[in-house]
Amino acid sequence: RDAETRGRGDAETRGRGDAETRRNVRSPRHRVPVSPCRILLWDIDGTLIRSVRTGAYKDYTIPVLEEIFGTAGRLGDMQVSGMTDLQIVYEALSDHGFTQDQIFARVQELASRLTEKARSVTGNGAKFFELLPGVRETLEALAAHPRYESALVTGNIESMAQLKMELVGLSEFFTLPGAFGDESHNRRDLPARAAERIRKHLQMDLAPEQFIVIGDTPNDIDCARHFGARAVAVEHREAGDVRQHLLQLLEQQVEAHHLGDGRGDAGLVDVVPL
């Protein structure tokens, strides 16, 4: 993980001047034209996939916390949607005297054991995760569109995020570096970290307004606003042509950004029904 991006202040990663006069620089080998490029930062759980059984996350997390810390604290009673894995662990264990620093000091062990345990409980042939309706078709359409590139920005520990994408067959769609839940207790930190890696990877000076966070919880929208990105909120219900709806919303956001329509560069939230 990029050590230099850890712990940087917000000032380095939020507004970077007038987006319309900013010049992008990128490798000529890349297929996306310079000015229209938009980077989609995807949440995983509740946005791309869902657990087949409610509470499945706790099946492999509680035993690991008991093994490493001697207790799972109050995890069994918590609602964890929208939180990073580090935040979940801290809030579960804080009443037992564990600090954020103590938990972060064991993050590599935590990530390794969580992934091992998850592989063991998902490797018996039973279906553990499933795609939400329209997800594959949407990702295929976006992959074929020259404007968009996708990365993961999720509360999951990185190795768990990669395992989930492997299990549901979506790994091919997320080739850009992202940011993950083993990097910070605060989800607000993640878009800036992903953006810095993506800028280096693509050799582009991308503005925050060129990133669009796609997620299903208020924390996803909050982290987009904090960074200065736009956001698309996913709603959980069956509806029409999800692929076309999302593409239309994304195009509207790009057009609004170019026209300066008065809604502001940051904090624009649209809703796509899934």
# chains A, B, ... in the order shown; residues from 1 in each chain; ligands from 1

call {"tool": "select_by_dssp", "arguments": {"residues": "stretch 21-236 of chain A", "states": "helix (DSSP H, G or I)", "output": "ChimeraX atom specification"}}
result
/A:56-69,75-77,85-96,100-104,107-122,135-144,158-168,171-173,187-202,208-210,218-227

call {"tool": "write_last_selection", "arguments": {"atoms": "C-alpha atoms", "output": "compact mmCIF listing (two decimals), in the first residue's frame"}}
result
# COMPACT_ATOMS: atom_id res chain seq x y z
CA ALA A 56 -23.09 -13.95 7.23
CA TYR A 57 -20.32 -11.39 7.80
CA LYS A 58 -20.38 -12.19 11.49
CA ASP A 59 -19.97 -15.94 10.87
CA TYR A 60 -16.34 -15.48 9.95
CA THR A 61 -15.56 -12.23 11.78
CA ILE A 62 -16.59 -13.14 15.32
CA PRO A 63 -14.32 -16.22 15.55
CA VAL A 64 -11.37 -14.23 14.19
CA LEU A 65 -11.83 -11.41 16.71
CA GLU A 66 -12.07 -13.94 19.52
CA GLU A 67 -8.88 -15.59 18.31
CA ILE A 68 -6.85 -12.37 17.95
CA PHE A 69 -8.25 -10.14 20.69
CA LEU A 75 -20.16 -7.26 17.29
CA GLY A 76 -23.02 -9.75 17.51
CA ASP A 77 -25.45 -6.91 18.29
CA ASP A 85 -13.81 -3.09 8.79
CA LEU A 86 -11.42 -1.23 11.10
CA GLN A 87 -14.27 0.95 12.36
CA ILE A 88 -16.42 -2.14 12.94
CA VAL A 89 -13.68 -3.85 14.95
CA TYR A 90 -12.98 -0.75 17.00
CA GLU A 91 -16.63 -0.12 17.84
CA ALA A 92 -17.07 -3.78 18.74
CA LEU A 93 -14.05 -3.84 21.04
CA SER A 94 -13.81 -0.32 22.46
CA ASP A 95 -15.90 -1.19 25.51
CA HIS A 96 -13.29 -3.85 26.29
CA GLN A 100 -7.70 2.29 17.54
CA ASP A 101 -3.90 2.14 17.65
CA GLN A 102 -3.94 -1.30 19.26
CA ILE A 103 -6.30 -2.60 16.59
CA PHE A 104 -4.37 -1.00 13.74
CA VAL A 107 -4.34 -5.09 11.03
CA GLN A 108 -2.17 -7.39 8.89
CA GLU A 109 -2.90 -10.36 11.15
CA LEU A 110 -6.58 -9.40 11.19
CA ALA A 111 -6.74 -9.17 7.39
CA SER A 112 -4.96 -12.47 6.90
CA ARG A 113 -7.08 -14.42 9.35
CA LEU A 114 -10.38 -12.88 8.20
CA THR A 115 -9.64 -13.82 4.61
CA GLU A 116 -8.54 -17.33 5.55
CA LYS A 117 -11.70 -17.83 7.61
CA ALA A 118 -13.91 -16.40 4.88
CA ARG A 119 -12.31 -18.70 2.30
CA SER A 120 -13.01 -21.67 4.54
CA VAL A 121 -16.69 -20.84 5.04
CA THR A 122 -17.26 -19.99 1.37
CA VAL A 135 -24.85 -5.38 -11.85
CA ARG A 136 -22.94 -7.45 -14.41
CA GLU A 137 -24.77 -5.87 -17.34
CA THR A 138 -24.06 -2.41 -15.95
CA LEU A 139 -20.36 -3.10 -15.45
CA GLU A 140 -20.08 -4.57 -18.94
CA ALA A 141 -21.70 -1.47 -20.43
CA LEU A 142 -19.42 0.83 -18.47
CA ALA A 143 -16.32 -1.18 -19.44
CA ALA A 144 -17.25 -0.70 -23.09
CA GLU A 158 -8.56 -5.33 0.70
CA SER A 159 -8.04 -9.09 0.65
CA MET A 160 -11.70 -9.61 1.55
CA ALA A 161 -12.81 -7.24 -1.21
CA GLN A 162 -10.75 -9.17 -3.74
CA LEU A 163 -12.13 -12.49 -2.48
CA LYS A 164 -15.71 -11.27 -2.84
CA MET A 165 -15.07 -10.06 -6.39
CA GLU A 166 -13.45 -13.42 -7.18
CA LEU A 167 -16.41 -15.37 -5.78
CA VAL A 168 -18.99 -13.46 -7.83
CA SER A 171 -12.63 -9.08 -10.65
CA GLU A 172 -12.06 -8.22 -14.31
CA PHE A 173 -13.96 -4.95 -14.03
CA ARG A 187 -14.54 5.92 5.50
CA ARG A 188 -14.11 9.59 4.64
CA ASP A 189 -10.39 8.97 4.15
CA LEU A 190 -10.79 6.38 1.40
CA PRO A 191 -11.71 8.34 -1.77
CA ALA A 192 -8.69 10.63 -1.43
CA ARG A 193 -6.37 7.66 -1.02
CA ALA A 194 -7.82 5.88 -4.01
CA ALA A 195 -7.65 9.06 -6.09
CA GLU A 196 -3.97 9.60 -5.37
CA ARG A 197 -3.13 6.05 -6.45
CA ILE A 198 -5.27 6.34 -9.57
CA ARG A 199 -3.62 9.63 -10.57
CA LYS A 200 -0.23 7.97 -10.37
CA HIS A 201 -1.41 4.83 -12.14
CA LEU A 202 -2.98 6.72 -15.06
CA PRO A 208 -12.05 15.45 -7.33
CA GLU A 209 -14.99 16.35 -9.59
CA GLN A 210 -13.85 13.67 -12.05
CA PRO A 218 -25.26 7.55 3.77
CA ASN A 219 -21.58 6.93 4.55
CA ASP A 220 -20.88 6.42 0.84
CA ILE A 221 -22.48 9.76 0.03
CA ASP A 222 -20.74 11.45 2.95
CA CYS A 223 -17.28 10.28 1.90
CA ALA A 224 -17.92 11.51 -1.66
CA ARG A 225 -18.92 14.95 -0.41
CA HIS A 226 -15.96 15.11 1.97
CA PHE A 227 -13.54 14.45 -0.89

call {"tool": "atom_distance", "arguments": {"atom1": "atom CA of A:Glu235", "atom2": "atom CA of A:Glu130"}}
result
16.5 Å

call {"tool": "atom_distance", "arguments": {"atom1": "atom CA of A:Val232", "atom2": "atom CA of A:Gln203"}}
result
25.6 Å

call {"tool": "atom_distance", "arguments": {"atom1": "atom CA of A:Leu48", "atom2": "atom CA of A:Met83"}}
result
16.0 Å

call {"tool": "select_by_dssp", "arguments": {"residues": "stretch 90-243 of chain A", "states": "strand (DSSP E)", "output": "ChimeraX atom specification"}}
result
/A:129-131,148-152,211-215,230-235

call {"tool": "write_last_selection", "arguments": {"atoms": "N, CA, C and O atoms", "output": "tab-separated table (two decimals), in the first residue's frame"}}
result
chain	number	residue	atom	x	y	z
A	129	PHE	N	-22.44	-15.28	-1.47
A	129	PHE	CA	-22.77	-13.95	-1.98
A	129	PHE	C	-23.46	-14.07	-3.32
A	129	PHE	O	-23.24	-15.02	-4.06
A	130	GLU	N	-24.28	-13.09	-3.64
A	130	GLU	CA	-24.91	-13.06	-4.96
A	130	GLU	C	-24.89	-11.64	-5.51
A	130	GLU	O	-24.90	-10.66	-4.74
A	131	LEU	N	-24.86	-11.54	-6.84
A	131	LEU	CA	-24.90	-10.24	-7.48
A	131	LEU	C	-26.28	-9.62	-7.32
A	131	LEU	O	-27.29	-10.31	-7.38
A	148	TYR	N	-15.45	5.94	-18.95
A	148	TYR	CA	-15.43	5.50	-17.56
A	148	TYR	C	-14.36	4.44	-17.27
A	148	TYR	O	-14.08	3.56	-18.08
A	149	GLU	N	-13.78	4.56	-16.08
A	149	GLU	CA	-12.91	3.55	-15.49
A	149	GLU	C	-13.41	3.27	-14.08
A	149	GLU	O	-13.96	4.18	-13.43
A	150	SER	N	-13.22	2.05	-13.59
A	150	SER	CA	-13.78	1.68	-12.29
A	150	SER	C	-12.71	1.21	-11.31
A	150	SER	O	-11.73	0.56	-11.70
A	151	ALA	N	-12.94	1.53	-10.04
A	151	ALA	CA	-12.10	1.07	-8.94
A	151	ALA	C	-12.99	0.79	-7.74
A	151	ALA	O	-14.13	1.26	-7.68
A	152	LEU	N	-12.47	0.04	-6.80
A	152	LEU	CA	-13.20	-0.26	-5.57
A	152	LEU	C	-12.79	0.72	-4.47
A	152	LEU	O	-11.60	0.94	-4.23
A	211	PHE	N	-14.28	12.20	-10.15
A	211	PHE	CA	-14.56	10.94	-9.48
A	211	PHE	C	-16.04	10.90	-9.08
A	211	PHE	O	-16.61	11.91	-8.67
A	212	ILE	N	-16.64	9.73	-9.22
A	212	ILE	CA	-18.04	9.54	-8.84
A	212	ILE	C	-18.13	8.31	-7.94
A	212	ILE	O	-17.76	7.20	-8.34
A	213	VAL	N	-18.56	8.51	-6.71
A	213	VAL	CA	-18.72	7.42	-5.75
A	213	VAL	C	-20.09	6.79	-5.96
A	213	VAL	O	-21.11	7.49	-6.03
A	214	ILE	N	-20.13	5.46	-6.04
A	214	ILE	CA	-21.39	4.74	-6.20
A	214	ILE	C	-21.56	3.81	-5.00
A	214	ILE	O	-20.73	2.93	-4.77
A	215	GLY	N	-22.60	4.03	-4.22
A	215	GLY	CA	-22.80	3.24	-3.01
A	215	GLY	C	-24.25	3.24	-2.56
A	215	GLY	O	-25.11	3.87	-3.19
A	230	ARG	N	-18.61	13.59	-6.85
A	230	ARG	CA	-20.05	13.40	-7.00
A	230	ARG	C	-20.42	12.00	-6.53
A	230	ARG	O	-19.56	11.19	-6.24
A	231	ALA	N	-21.72	11.73	-6.47
A	231	ALA	CA	-22.16	10.44	-5.92
A	231	ALA	C	-23.41	9.95	-6.63
A	231	ALA	O	-24.24	10.75	-7.06
A	232	VAL	N	-23.51	8.65	-6.75
A	232	VAL	CA	-24.73	7.98	-7.18
A	232	VAL	C	-25.13	7.02	-6.08
A	232	VAL	O	-24.34	6.16	-5.68
A	233	ALA	N	-26.33	7.19	-5.56
A	233	ALA	CA	-26.83	6.32	-4.50
A	233	ALA	C	-27.65	5.20	-5.11
A	233	ALA	O	-28.53	5.44	-5.94
A	234	VAL	N	-27.37	3.97	-4.71
A	234	VAL	CA	-28.08	2.79	-5.21
A	234	VAL	C	-29.26	2.51	-4.30
A	234	VAL	O	-29.14	2.48	-3.07
A	235	GLU	N	-30.42	2.29	-4.91
A	235	GLU	CA	-31.63	1.94	-4.19
A	235	GLU	C	-31.93	0.48	-4.43
A	235	GLU	O	-31.76	-0.01	-5.55

call {"tool": "closest_residue", "arguments": {"among": "A:Ala229, A:Ile49, A:Gln79, A:Thr99", "to": "A:Ala207", "atoms": "only C-alpha atoms"}}
result
A:Ala229
